[in-house]
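Remarks on the structure that follows.
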Amino acid sequence: MTTFDQLGVPEPLTRALARRGITEPFPIQAAAIPDALDGRDILGRAPTGSGKTLAFGLPLLARVGSSRPQRPRALVLAPTRELAEQISKELIPLGKAVGRWTLAVYGGVGYEFQRRNLRRGTDVLVATPGRLTDLIDEGSVSLADIDLVVVDEADRMADMGFMPQVRRLLDQTSTPRQTVLFSATLDGDTAELTRRYQTDPVRHEVEGADDHGDAAHYFWRVAHHDRVATTAEIVRTTTPTIVFTRTRRGADRVARRLQQAGVQAAAIHGGRSQSQRTRALGAFGNGRVKALVATDVAARGIHVDGVASVVHFDLPADPKDYLHRSGRTARAGADGVVVSLVMPDQVTDARTIQRAVGLPEILHDPGDDWLTGRLGGRLGDEPVRAARPRRGGNHRPHRNQGRPRGGARRHARR
Ligand code: ADP
Ligand code: MG
């Protein structure tokens, strides 16, 4: 077994990790950390939940210098405030172990706290492009001393239209500079960033069987008026659940109706204030809220472990969104269940998604498929024609195909 120590991570950091029970590096960490510690530029791709934050965060904290006021030394750019918040939460305690201060700046909250902490001296700045640009424009921070940059989820950054801003920000950083890029795809805009801002980058990709975790995927035929009751049933059997809707109003409406059906639910979307979003995420994280109802944009970069199920209440717009949404469950090797609700006029859309992501083109009626042993499919499986078990069809019915592990099991049957 490799240890972080063997990868070259300094002792104060490995001790801080061990206090959190993290002792064995995940593959992307084992691959990227030694090169990053050497100061190499890195181009990384690894599935959701594979531990990219520490893959860039540990070398960053090991290498970052200490800063003067308002002139941080390392910058981590993230596409959403939730992601920025999560990265900083992970880095702050580790940074303290090596005497480095980390601050997250993002929109939707007041400026004063961010300005004050920049004045006090922040070594590592985690930021969304918009707020960072504002803070630079008003003179609260300068990027001139930044010689270490991480762009996390570069593809999402591009999807959300942030690339021009990201380029303007990177242009203000110091050279030479170490630049680390993580992205789910390495073509298009990410390739462009690489060309402009990286020098001889080492590429590290981790993929394969656990690319999409161990989730079982089901597509259920439902009538329009049954969708909330069906969703409530899924939440009750596989808690906690993230429910996806296409619109903000849809998210509010579904959350309200789940509440009426007796399920503790909260909505999270861009129309809510930062404090509402933080509160909803907190309540979901600590189990008070069983169902988080989210739009695609709001859910980007939400990294909550132990999500037992994902419900596509509204079918996603395209297969890429299907994968992104579904990736909220079955993280870090856990099991998970993904259910798409398919109304009669959506059968063709559902098949398009199934085909694109490599799932069997099967629709089921709602029911506890994972308890009765009826199979949906797993990503990357060969398509099959009939709803019958495929991997050695004679395993015990209770070797569930996707019944969640851990917390969810306690709720699994009523
Ligand atoms: P990604 O950014 O690749 O989606 P994260 O960095 O958010 O994934 O990590 C996913 C989860 O795994 C987090 O809860 C993180 O604390 C945990 N984690 C990361 N590395 C390890 C490790 N080496 N051992 C155990 N847990 C880890
Ligand atoms: Mg991440």
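Each chain in the structure tokens gets a letter, A, B, ..., in the order shown, and its residues are numbered from 1; ligands are numbered from 1 in order too.
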
| request: Apply DSSP to the structure's backbone, then extract all residues of segment 51-189 of chain A labelled alpha helix (DSSP H) and return them as an MDAnalysis selection string. | output: chainID A and resid 52:63 81:97 112:120 129:137 154:159 163:171 188:189

| task | Kindly compile the residues surrounding ligand 1 within 8 Å, counting only C-alpha atoms and all ligand atoms, and format them as a PyMOL selection string. | result | chain A and resi 21-26+29+46-55+86-87+90+301+303-305+331-332

| task | Please provide the set of residues having any atom within 7 Å of Trp220 of chain A, restricted to only C-alpha atoms, with same-chain residues fewer than 5 positions apart removed, written as a ChimeraX atom specification. | result | /A:339-342,363-366

| task | Determine, counting only C-alpha atoms, which protein, DNA and RNA residues have an atom within 9 Å of an atom of His269 of chain A; residues of the same chain fewer than 4 positions away are not included. Present the result as a ChimeraX atom specification. | result | /A:247-248,251-252,273,277,293-299

| request: Within 9 Å of Leu125 of chain A, counting only C-alpha atoms, which residues show up once you throw out same-chain ones fewer than 3 positions away? Write them as an MDAnalysis selection string, please. | output: chainID A and resid 72:77 88 101:105 118 122

Write the selection just made, keeping all heavy atoms, as an mmCIF file, in the first residue's frame?
data_model
loop_
_atom_site.group_PDB
_atom_site.id
_atom_site.type_symbol
_atom_site.label_atom_id
_atom_site.label_comp_id
_atom_site.auth_asym_id
_atom_site.auth_seq_id
_atom_site.Cartn_x
_atom_site.Cartn_y
_atom_site.Cartn_z
ATOM 1 N N PRO A 72 -2.400 37.149 -2.685
ATOM 2 C CA PRO A 72 -2.284 35.706 -2.465
ATOM 3 C C PRO A 72 -1.258 35.068 -3.394
ATOM 4 O O PRO A 72 -0.888 35.641 -4.419
ATOM 5 C CB PRO A 72 -3.692 35.178 -2.762
ATOM 6 C CG PRO A 72 -4.417 36.275 -3.424
ATOM 7 C CD PRO A 72 -3.740 37.558 -3.099
ATOM 8 N N ARG A 73 -0.807 33.881 -3.020
ATOM 9 C CA ARG A 73 0.236 33.195 -3.780
ATOM 10 C C ARG A 73 -0.292 32.046 -4.640
ATOM 11 O O ARG A 73 0.370 31.604 -5.575
ATOM 12 C CB ARG A 73 1.285 32.631 -2.819
ATOM 13 C CG ARG A 73 1.964 33.690 -1.944
ATOM 14 C CD ARG A 73 2.807 34.630 -2.788
ATOM 15 N NE ARG A 73 3.765 33.912 -3.600
ATOM 16 C CZ ARG A 73 4.936 33.464 -3.168
ATOM 17 N NH1 ARG A 73 5.306 33.703 -1.930
ATOM 18 N NH2 ARG A 73 5.749 32.816 -3.977
ATOM 19 N N ALA A 74 -1.455 31.501 -4.259
ATOM 20 C CA ALA A 74 -2.029 30.401 -5.045
ATOM 21 C C ALA A 74 -3.498 30.691 -5.283
ATOM 22 O O ALA A 74 -4.172 31.280 -4.441
ATOM 23 C CB ALA A 74 -1.875 29.072 -4.306
ATOM 24 N N LEU A 75 -3.954 30.284 -6.466
ATOM 25 C CA LEU A 75 -5.348 30.543 -6.838
ATOM 26 C C LEU A 75 -5.997 29.242 -7.308
ATOM 27 O O LEU A 75 -5.463 28.541 -8.161
ATOM 28 C CB LEU A 75 -5.388 31.576 -7.974
ATOM 29 C CG LEU A 75 -6.750 31.832 -8.629
ATOM 30 C CD1 LEU A 75 -7.723 32.468 -7.641
ATOM 31 C CD2 LEU A 75 -6.587 32.733 -9.863
ATOM 32 N N VAL A 76 -7.154 28.929 -6.747
ATOM 33 C CA VAL A 76 -7.951 27.801 -7.234
ATOM 34 C C VAL A 76 -9.237 28.382 -7.794
ATOM 35 O O VAL A 76 -10.006 29.011 -7.062
ATOM 36 C CB VAL A 76 -8.289 26.802 -6.104
ATOM 37 C CG1 VAL A 76 -9.128 25.644 -6.652
ATOM 38 C CG2 VAL A 76 -7.024 26.280 -5.440
ATOM 39 N N LEU A 77 -9.466 28.196 -9.082
ATOM 40 C CA LEU A 77 -10.693 28.690 -9.699
ATOM 41 C C LEU A 77 -11.704 27.564 -9.789
ATOM 42 O O LEU A 77 -11.380 26.452 -10.224
ATOM 43 C CB LEU A 77 -10.412 29.231 -11.100
ATOM 44 C CG LEU A 77 -9.721 30.600 -11.181
ATOM 45 C CD1 LEU A 77 -9.401 30.926 -12.640
ATOM 46 C CD2 LEU A 77 -10.593 31.689 -10.560
ATOM 47 N N SER A 88 -12.614 24.981 -0.297
ATOM 48 C CA SER A 88 -11.972 25.710 0.795
ATOM 49 C C SER A 88 -12.181 24.973 2.119
ATOM 50 O O SER A 88 -11.286 24.921 2.954
ATOM 51 C CB SER A 88 -12.462 27.155 0.869
ATOM 52 O OG SER A 88 -13.793 27.202 1.298
ATOM 53 N N TRP A 101 -2.971 30.259 5.012
ATOM 54 C CA TRP A 101 -4.365 30.658 5.145
ATOM 55 C C TRP A 101 -5.091 30.569 3.819
ATOM 56 O O TRP A 101 -4.598 31.021 2.799
ATOM 57 C CB TRP A 101 -4.452 32.074 5.708
ATOM 58 C CG TRP A 101 -3.936 32.096 7.103
ATOM 59 C CD1 TRP A 101 -2.656 32.355 7.497
ATOM 60 C CD2 TRP A 101 -4.657 31.751 8.286
ATOM 61 N NE1 TRP A 101 -2.542 32.211 8.852
ATOM 62 C CE2 TRP A 101 -3.759 31.852 9.371
ATOM 63 C CE3 TRP A 101 -5.981 31.380 8.543
ATOM 64 C CZ2 TRP A 101 -4.126 31.576 10.684
ATOM 65 C CZ3 TRP A 101 -6.358 31.121 9.850
ATOM 66 C CH2 TRP A 101 -5.436 31.221 10.913
ATOM 67 N N THR A 102 -6.269 30.002 3.896
ATOM 68 C CA THR A 102 -7.093 29.814 2.709
ATOM 69 C C THR A 102 -8.388 30.598 2.865
ATOM 70 O O THR A 102 -8.971 30.629 3.945
ATOM 71 C CB THR A 102 -7.430 28.316 2.532
ATOM 72 O OG1 THR A 102 -6.214 27.573 2.458
ATOM 73 C CG2 THR A 102 -8.245 28.072 1.267
ATOM 74 N N LEU A 103 -8.812 31.226 1.787
ATOM 75 C CA LEU A 103 -10.076 31.963 1.807
ATOM 76 C C LEU A 103 -10.844 31.645 0.530
ATOM 77 O O LEU A 103 -10.263 31.557 -0.546
ATOM 78 C CB LEU A 103 -9.788 33.472 1.870
ATOM 79 C CG LEU A 103 -10.995 34.412 1.709
ATOM 80 C CD1 LEU A 103 -11.898 34.368 2.943
ATOM 81 C CD2 LEU A 103 -10.520 35.848 1.457
ATOM 82 N N ALA A 104 -12.140 31.479 0.674
ATOM 83 C CA ALA A 104 -12.985 31.308 -0.512
ATOM 84 C C ALA A 104 -13.712 32.614 -0.789
ATOM 85 O O ALA A 104 -14.259 33.230 0.128
ATOM 86 C CB ALA A 104 -13.995 30.190 -0.289
ATOM 87 N N VAL A 105 -13.694 33.065 -2.036
ATOM 88 C CA VAL A 105 -14.494 34.237 -2.418
ATOM 89 C C VAL A 105 -15.430 33.861 -3.557
ATOM 90 O O VAL A 105 -15.023 33.251 -4.538
ATOM 91 C CB VAL A 105 -13.620 35.459 -2.804
ATOM 92 C CG1 VAL A 105 -12.713 35.865 -1.654
ATOM 93 C CG2 VAL A 105 -12.800 35.220 -4.060
ATOM 94 N N LEU A 118 -8.782 39.349 2.920
ATOM 95 C CA LEU A 118 -7.721 39.589 1.937
ATOM 96 C C LEU A 118 -6.692 40.560 2.503
ATOM 97 O O LEU A 118 -5.485 40.375 2.317
ATOM 98 C CB LEU A 118 -8.323 40.114 0.629
ATOM 99 C CG LEU A 118 -9.091 39.067 -0.186
ATOM 100 C CD1 LEU A 118 -9.955 39.733 -1.260
ATOM 101 C CD2 LEU A 118 -8.118 38.073 -0.832
ATOM 102 N N THR A 122 -4.097 36.349 2.741
ATOM 103 C CA THR A 122 -4.610 35.040 2.359
ATOM 104 C C THR A 122 -3.585 34.430 1.438
ATOM 105 O O THR A 122 -3.202 35.044 0.446
ATOM 106 C CB THR A 122 -5.960 35.219 1.626
ATOM 107 O OG1 THR A 122 -6.948 35.584 2.573
ATOM 108 C CG2 THR A 122 -6.370 33.937 0.928
#

| request: Could you check how far atom CA of Val228 of chain A sits from atom CA of Thr245 of chain A, in Å to one decimal? | output: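 Rounded to one decimal, the two atoms are 11.8 Å apart.
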
Mind checking which residues fall within 6 Å of segment 140-153 of chain A, counting only C-alpha atoms, ignoring those fewer than 6 positions away in the same chain, and posting them as a PDB file with all heavy atoms, in the first residue's frame?
ATOM      1  N   GLN A  70      -3.353  41.158   0.621  1.00  0.00           N
ATOM      2  CA  GLN A  70      -4.042  41.376  -0.653  1.00  0.00           C
ATOM      3  C   GLN A  70      -3.298  40.817  -1.859  1.00  0.00           C
ATOM      4  O   GLN A  70      -3.649  41.123  -2.993  1.00  0.00           O
ATOM      5  CB  GLN A  70      -4.329  42.875  -0.876  1.00  0.00           C
ATOM      6  CG  GLN A  70      -5.234  43.447   0.213  1.00  0.00           C
ATOM      7  CD  GLN A  70      -5.564  44.897  -0.011  1.00  0.00           C
ATOM      8  OE1 GLN A  70      -4.655  45.732  -0.169  1.00  0.00           O
ATOM      9  NE2 GLN A  70      -6.837  45.215  -0.031  1.00  0.00           N
ATOM     10  N   ARG A  71      -2.274  40.011  -1.596  1.00  0.00           N
ATOM     11  CA  ARG A  71      -1.542  39.399  -2.720  1.00  0.00           C
ATOM     12  C   ARG A  71      -1.335  37.909  -2.481  1.00  0.00           C
ATOM     13  O   ARG A  71      -0.236  37.469  -2.127  1.00  0.00           O
ATOM     14  CB  ARG A  71      -0.187  40.103  -2.907  1.00  0.00           C
ATOM     15  CG  ARG A  71      -0.341  41.580  -3.288  1.00  0.00           C
ATOM     16  CD  ARG A  71       0.995  42.274  -3.268  1.00  0.00           C
ATOM     17  NE  ARG A  71       1.766  42.001  -4.475  1.00  0.00           N
ATOM     18  CZ  ARG A  71       1.723  42.751  -5.570  1.00  0.00           C
ATOM     19  NH1 ARG A  71       0.949  43.818  -5.614  1.00  0.00           N
ATOM     20  NH2 ARG A  71       2.448  42.453  -6.614  1.00  0.00           N
ATOM     21  N   ARG A  73      -0.807  33.881  -3.020  1.00  0.00           N
ATOM     22  CA  ARG A  73       0.236  33.195  -3.780  1.00  0.00           C
ATOM     23  C   ARG A  73      -0.292  32.046  -4.640  1.00  0.00           C
ATOM     24  O   ARG A  73       0.370  31.604  -5.575  1.00  0.00           O
ATOM     25  CB  ARG A  73       1.285  32.631  -2.819  1.00  0.00           C
ATOM     26  CG  ARG A  73       1.964  33.690  -1.944  1.00  0.00           C
ATOM     27  CD  ARG A  73       2.807  34.630  -2.788  1.00  0.00           C
ATOM     28  NE  ARG A  73       3.765  33.912  -3.600  1.00  0.00           N
ATOM     29  CZ  ARG A  73       4.936  33.464  -3.168  1.00  0.00           C
ATOM     30  NH1 ARG A  73       5.306  33.703  -1.930  1.00  0.00           N
ATOM     31  NH2 ARG A  73       5.749  32.816  -3.977  1.00  0.00           N
ATOM     32  N   ALA A  74      -1.455  31.501  -4.259  1.00  0.00           N
ATOM     33  CA  ALA A  74      -2.029  30.401  -5.045  1.00  0.00           C
ATOM     34  C   ALA A  74      -3.498  30.691  -5.283  1.00  0.00           C
ATOM     35  O   ALA A  74      -4.172  31.280  -4.441  1.00  0.00           O
ATOM     36  CB  ALA A  74      -1.875  29.072  -4.306  1.00  0.00           C
ATOM     37  N   LEU A  75      -3.954  30.284  -6.466  1.00  0.00           N
ATOM     38  CA  LEU A  75      -5.348  30.543  -6.838  1.00  0.00           C
ATOM     39  C   LEU A  75      -5.997  29.242  -7.308  1.00  0.00           C
ATOM     40  O   LEU A  75      -5.463  28.541  -8.161  1.00  0.00           O
ATOM     41  CB  LEU A  75      -5.388  31.576  -7.974  1.00  0.00           C
ATOM     42  CG  LEU A  75      -6.750  31.832  -8.629  1.00  0.00           C
ATOM     43  CD1 LEU A  75      -7.723  32.468  -7.641  1.00  0.00           C
ATOM     44  CD2 LEU A  75      -6.587  32.733  -9.863  1.00  0.00           C
ATOM     45  N   VAL A  76      -7.154  28.929  -6.747  1.00  0.00           N
ATOM     46  CA  VAL A  76      -7.951  27.801  -7.234  1.00  0.00           C
ATOM     47  C   VAL A  76      -9.237  28.382  -7.794  1.00  0.00           C
ATOM     48  O   VAL A  76     -10.006  29.011  -7.062  1.00  0.00           O
ATOM     49  CB  VAL A  76      -8.289  26.802  -6.104  1.00  0.00           C
ATOM     50  CG1 VAL A  76      -9.128  25.644  -6.652  1.00  0.00           C
ATOM     51  CG2 VAL A  76      -7.024  26.280  -5.440  1.00  0.00           C
ATOM     52  N   LEU A  77      -9.466  28.196  -9.082  1.00  0.00           N
ATOM     53  CA  LEU A  77     -10.693  28.690  -9.699  1.00  0.00           C
ATOM     54  C   LEU A  77     -11.704  27.564  -9.789  1.00  0.00           C
ATOM     55  O   LEU A  77     -11.380  26.452 -10.224  1.00  0.00           O
ATOM     56  CB  LEU A  77     -10.412  29.231 -11.100  1.00  0.00           C
ATOM     57  CG  LEU A  77      -9.721  30.600 -11.181  1.00  0.00           C
ATOM     58  CD1 LEU A  77      -9.401  30.926 -12.640  1.00  0.00           C
ATOM     59  CD2 LEU A  77     -10.593  31.689 -10.560  1.00  0.00           C
ATOM     60  N   ALA A  78     -12.932  27.851  -9.398  1.00  0.00           N
ATOM     61  CA  ALA A  78     -13.995  26.847  -9.435  1.00  0.00           C
ATOM     62  C   ALA A  78     -15.239  27.464 -10.069  1.00  0.00           C
ATOM     63  O   ALA A  78     -15.463  28.665  -9.946  1.00  0.00           O
ATOM     64  CB  ALA A  78     -14.301  26.369  -8.021  1.00  0.00           C
ATOM     65  N   GLN A 172      -3.401  37.694 -15.519  1.00  0.00           N
ATOM     66  CA  GLN A 172      -2.891  38.602 -14.470  1.00  0.00           C
ATOM     67  C   GLN A 172      -1.970  37.910 -13.476  1.00  0.00           C
ATOM     68  O   GLN A 172      -1.419  38.558 -12.589  1.00  0.00           O
ATOM     69  CB  GLN A 172      -4.068  39.192 -13.686  1.00  0.00           C
ATOM     70  CG  GLN A 172      -4.984  40.046 -14.539  1.00  0.00           C
ATOM     71  CD  GLN A 172      -6.237  40.456 -13.779  1.00  0.00           C
ATOM     72  OE1 GLN A 172      -6.142  40.917 -12.648  1.00  0.00           O
ATOM     73  NE2 GLN A 172      -7.395  40.274 -14.394  1.00  0.00           N
ATOM     74  N   THR A 173      -1.832  36.592 -13.606  1.00  0.00           N
ATOM     75  CA  THR A 173      -0.989  35.892 -12.639  1.00  0.00           C
ATOM     76  C   THR A 173       0.466  35.983 -13.064  1.00  0.00           C
ATOM     77  O   THR A 173       0.783  36.413 -14.174  1.00  0.00           O
ATOM     78  CB  THR A 173      -1.403  34.415 -12.507  1.00  0.00           C
ATOM     79  OG1 THR A 173      -1.263  33.790 -13.788  1.00  0.00           O
ATOM     80  CG2 THR A 173      -2.841  34.283 -12.032  1.00  0.00           C
ATOM     81  N   SER A 174       1.324  35.545 -12.153  1.00  0.00           N
ATOM     82  CA  SER A 174       2.756  35.683 -12.370  1.00  0.00           C
ATOM     83  C   SER A 174       3.283  34.594 -13.319  1.00  0.00           C
ATOM     84  O   SER A 174       2.684  33.547 -13.461  1.00  0.00           O
ATOM     85  CB  SER A 174       3.411  35.592 -10.989  1.00  0.00           C
ATOM     86  OG  SER A 174       4.732  35.178 -11.085  1.00  0.00           O
ATOM     87  N   ARG A 177       4.920  29.990 -13.595  1.00  0.00           N
ATOM     88  CA  ARG A 177       3.824  29.662 -12.710  1.00  0.00           C
ATOM     89  C   ARG A 177       3.508  28.186 -12.919  1.00  0.00           C
ATOM     90  O   ARG A 177       3.680  27.676 -14.021  1.00  0.00           O
ATOM     91  CB  ARG A 177       2.639  30.533 -13.163  1.00  0.00           C
ATOM     92  CG  ARG A 177       1.315  30.196 -12.550  1.00  0.00           C
ATOM     93  CD  ARG A 177       0.199  30.839 -13.375  1.00  0.00           C
ATOM     94  NE  ARG A 177       0.151  30.225 -14.685  1.00  0.00           N
ATOM     95  CZ  ARG A 177       0.029  30.876 -15.836  1.00  0.00           C
ATOM     96  NH1 ARG A 177      -0.089  32.168 -15.858  1.00  0.00           N
ATOM     97  NH2 ARG A 177       0.011  30.204 -16.969  1.00  0.00           N
ATOM     98  N   GLN A 178       3.116  27.511 -11.867  1.00  0.00           N
ATOM     99  CA  GLN A 178       2.637  26.135 -12.031  1.00  0.00           C
ATOM    100  C   GLN A 178       1.131  26.176 -12.265  1.00  0.00           C
ATOM    101  O   GLN A 178       0.395  26.830 -11.523  1.00  0.00           O
ATOM    102  CB  GLN A 178       2.930  25.309 -10.773  1.00  0.00           C
ATOM    103  CG  GLN A 178       2.485  23.851 -10.929  1.00  0.00           C
ATOM    104  CD  GLN A 178       2.776  23.018  -9.689  1.00  0.00           C
ATOM    105  OE1 GLN A 178       2.996  23.543  -8.600  1.00  0.00           O
ATOM    106  NE2 GLN A 178       2.766  21.697  -9.858  1.00  0.00           N
ATOM    107  N   THR A 179       0.694  25.483 -13.312  1.00  0.00           N
ATOM    108  CA  THR A 179      -0.724  25.512 -13.653  1.00  0.00           C
ATOM    109  C   THR A 179      -1.281  24.098 -13.721  1.00  0.00           C
ATOM    110  O   THR A 179      -0.794  23.263 -14.476  1.00  0.00           O
ATOM    111  CB  THR A 179      -0.935  26.216 -15.013  1.00  0.00           C
ATOM    112  OG1 THR A 179      -0.286  27.480 -14.969  1.00  0.00           O
ATOM    113  CG2 THR A 179      -2.416  26.426 -15.294  1.00  0.00           C
ATOM    114  N   VAL A 180      -2.284  23.843 -12.911  1.00  0.00           N
ATOM    115  CA  VAL A 180      -2.905  22.522 -12.838  1.00  0.00           C
ATOM    116  C   VAL A 180      -4.342  22.645 -13.310  1.00  0.00           C
ATOM    117  O   VAL A 180      -5.066  23.542 -12.877  1.00  0.00           O
ATOM    118  CB  VAL A 180      -2.871  21.994 -11.385  1.00  0.00           C
ATOM    119  CG1 VAL A 180      -3.656  20.698 -11.258  1.00  0.00           C
ATOM    120  CG2 VAL A 180      -1.433  21.801 -10.913  1.00  0.00           C
ATOM    121  N   LEU A 181      -4.721  21.777 -14.247  1.00  0.00           N
ATOM    122  CA  LEU A 181      -6.082  21.819 -14.779  1.00  0.00           C
ATOM    123  C   LEU A 181      -6.768  20.488 -14.529  1.00  0.00           C
ATOM    124  O   LEU A 181      -6.213  19.437 -14.852  1.00  0.00           O
ATOM    125  CB  LEU A 181      -6.027  21.998 -16.301  1.00  0.00           C
ATOM    126  CG  LEU A 181      -5.877  23.383 -16.895  1.00  0.00           C
ATOM    127  CD1 LEU A 181      -5.751  23.267 -18.412  1.00  0.00           C
ATOM    128  CD2 LEU A 181      -7.085  24.215 -16.548  1.00  0.00           C
ATOM    129  N   PHE A 182      -7.970  20.536 -13.981  1.00  0.00           N
ATOM    130  CA  PHE A 182      -8.766  19.318 -13.891  1.00  0.00           C
ATOM    131  C   PHE A 182     -10.050  19.513 -14.666  1.00  0.00           C
ATOM    132  O   PHE A 182     -10.681  20.565 -14.600  1.00  0.00           O
ATOM    133  CB  PHE A 182      -9.080  18.958 -12.437  1.00  0.00           C
ATOM    134  CG  PHE A 182      -8.002  18.143 -11.803  1.00  0.00           C
ATOM    135  CD1 PHE A 182      -7.081  18.726 -10.956  1.00  0.00           C
ATOM    136  CD2 PHE A 182      -7.897  16.786 -12.084  1.00  0.00           C
ATOM    137  CE1 PHE A 182      -6.069  17.976 -10.385  1.00  0.00           C
ATOM    138  CE2 PHE A 182      -6.892  16.028 -11.527  1.00  0.00           C
ATOM    139  CZ  PHE A 182      -5.973  16.622 -10.671  1.00  0.00           C
ATOM    140  N   SER A 183     -10.423  18.482 -15.405  1.00  0.00           N
ATOM    141  CA  SER A 183     -11.599  18.605 -16.251  1.00  0.00           C
ATOM    142  C   SER A 183     -12.137  17.219 -16.576  1.00  0.00           C
ATOM    143  O   SER A 183     -11.386  16.254 -16.648  1.00  0.00           O
ATOM    144  CB  SER A 183     -11.204  19.325 -17.546  1.00  0.00           C
ATOM    145  OG  SER A 183     -12.326  19.493 -18.377  1.00  0.00           O
TER     146      SER A 183
END

| query | Between A:Ala356, A:Leu60, A:Ala154, A:Ile42, which is the closest to ligand 2 once you count only C-alpha atoms and all ligand atoms? | reply | A:Ala154

| What is the distance, in Å and to one decimal place, between atom CA of Arg196 of chain A and atom CA of Arg45 of chain A? |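 So the two atoms, atom CA of Arg196 of chain A and atom CA of Arg45 of chain A, lie 18.4 Å apart.
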
| task | Find, counting only C-alpha atoms, the residue in A:Val307, A:Leu7, A:Lys89, A:Leu94 that gets nearest to Arg19 of chain A. | result |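 Of A:Val307, A:Leu7, A:Lys89, A:Leu94, the one nearest Arg19 of chain A is A:Leu94, counting only C-alpha atoms.
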
| Taking into account only C-alpha atoms and all ligand atoms, which residue in the set A:Arg279, A:Arg156, A:Lys96, A:Arg256 is nearest to ligand 2? |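 Looking at the shortest contact to ligand 2, the residue is A:Arg156.
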
| query | At what distance in Å, to one decimal, does atom CA of Gln346 of chain A lie from atom CA of Arg227 of chain A? | reply |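 Atom CA of Arg227 of chain A sits 13.4 Å away from atom CA of Gln346 of chain A.
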
| field | DSSP-assigned strand (DSSP E) among segment 157-318 of chain A, expressed as a ChimeraX atom specification | value | /A:178-182,202-205,214-221,241-244,265-268,291-294,309-312

| query | Near Gln6 of chain A, within 10 Å and counting only C-alpha atoms, which residues show up once chain neighbours fewer than 5 positions away are dropped, as an MDAnalysis selection string? | reply | chainID A and resid 1 30 34
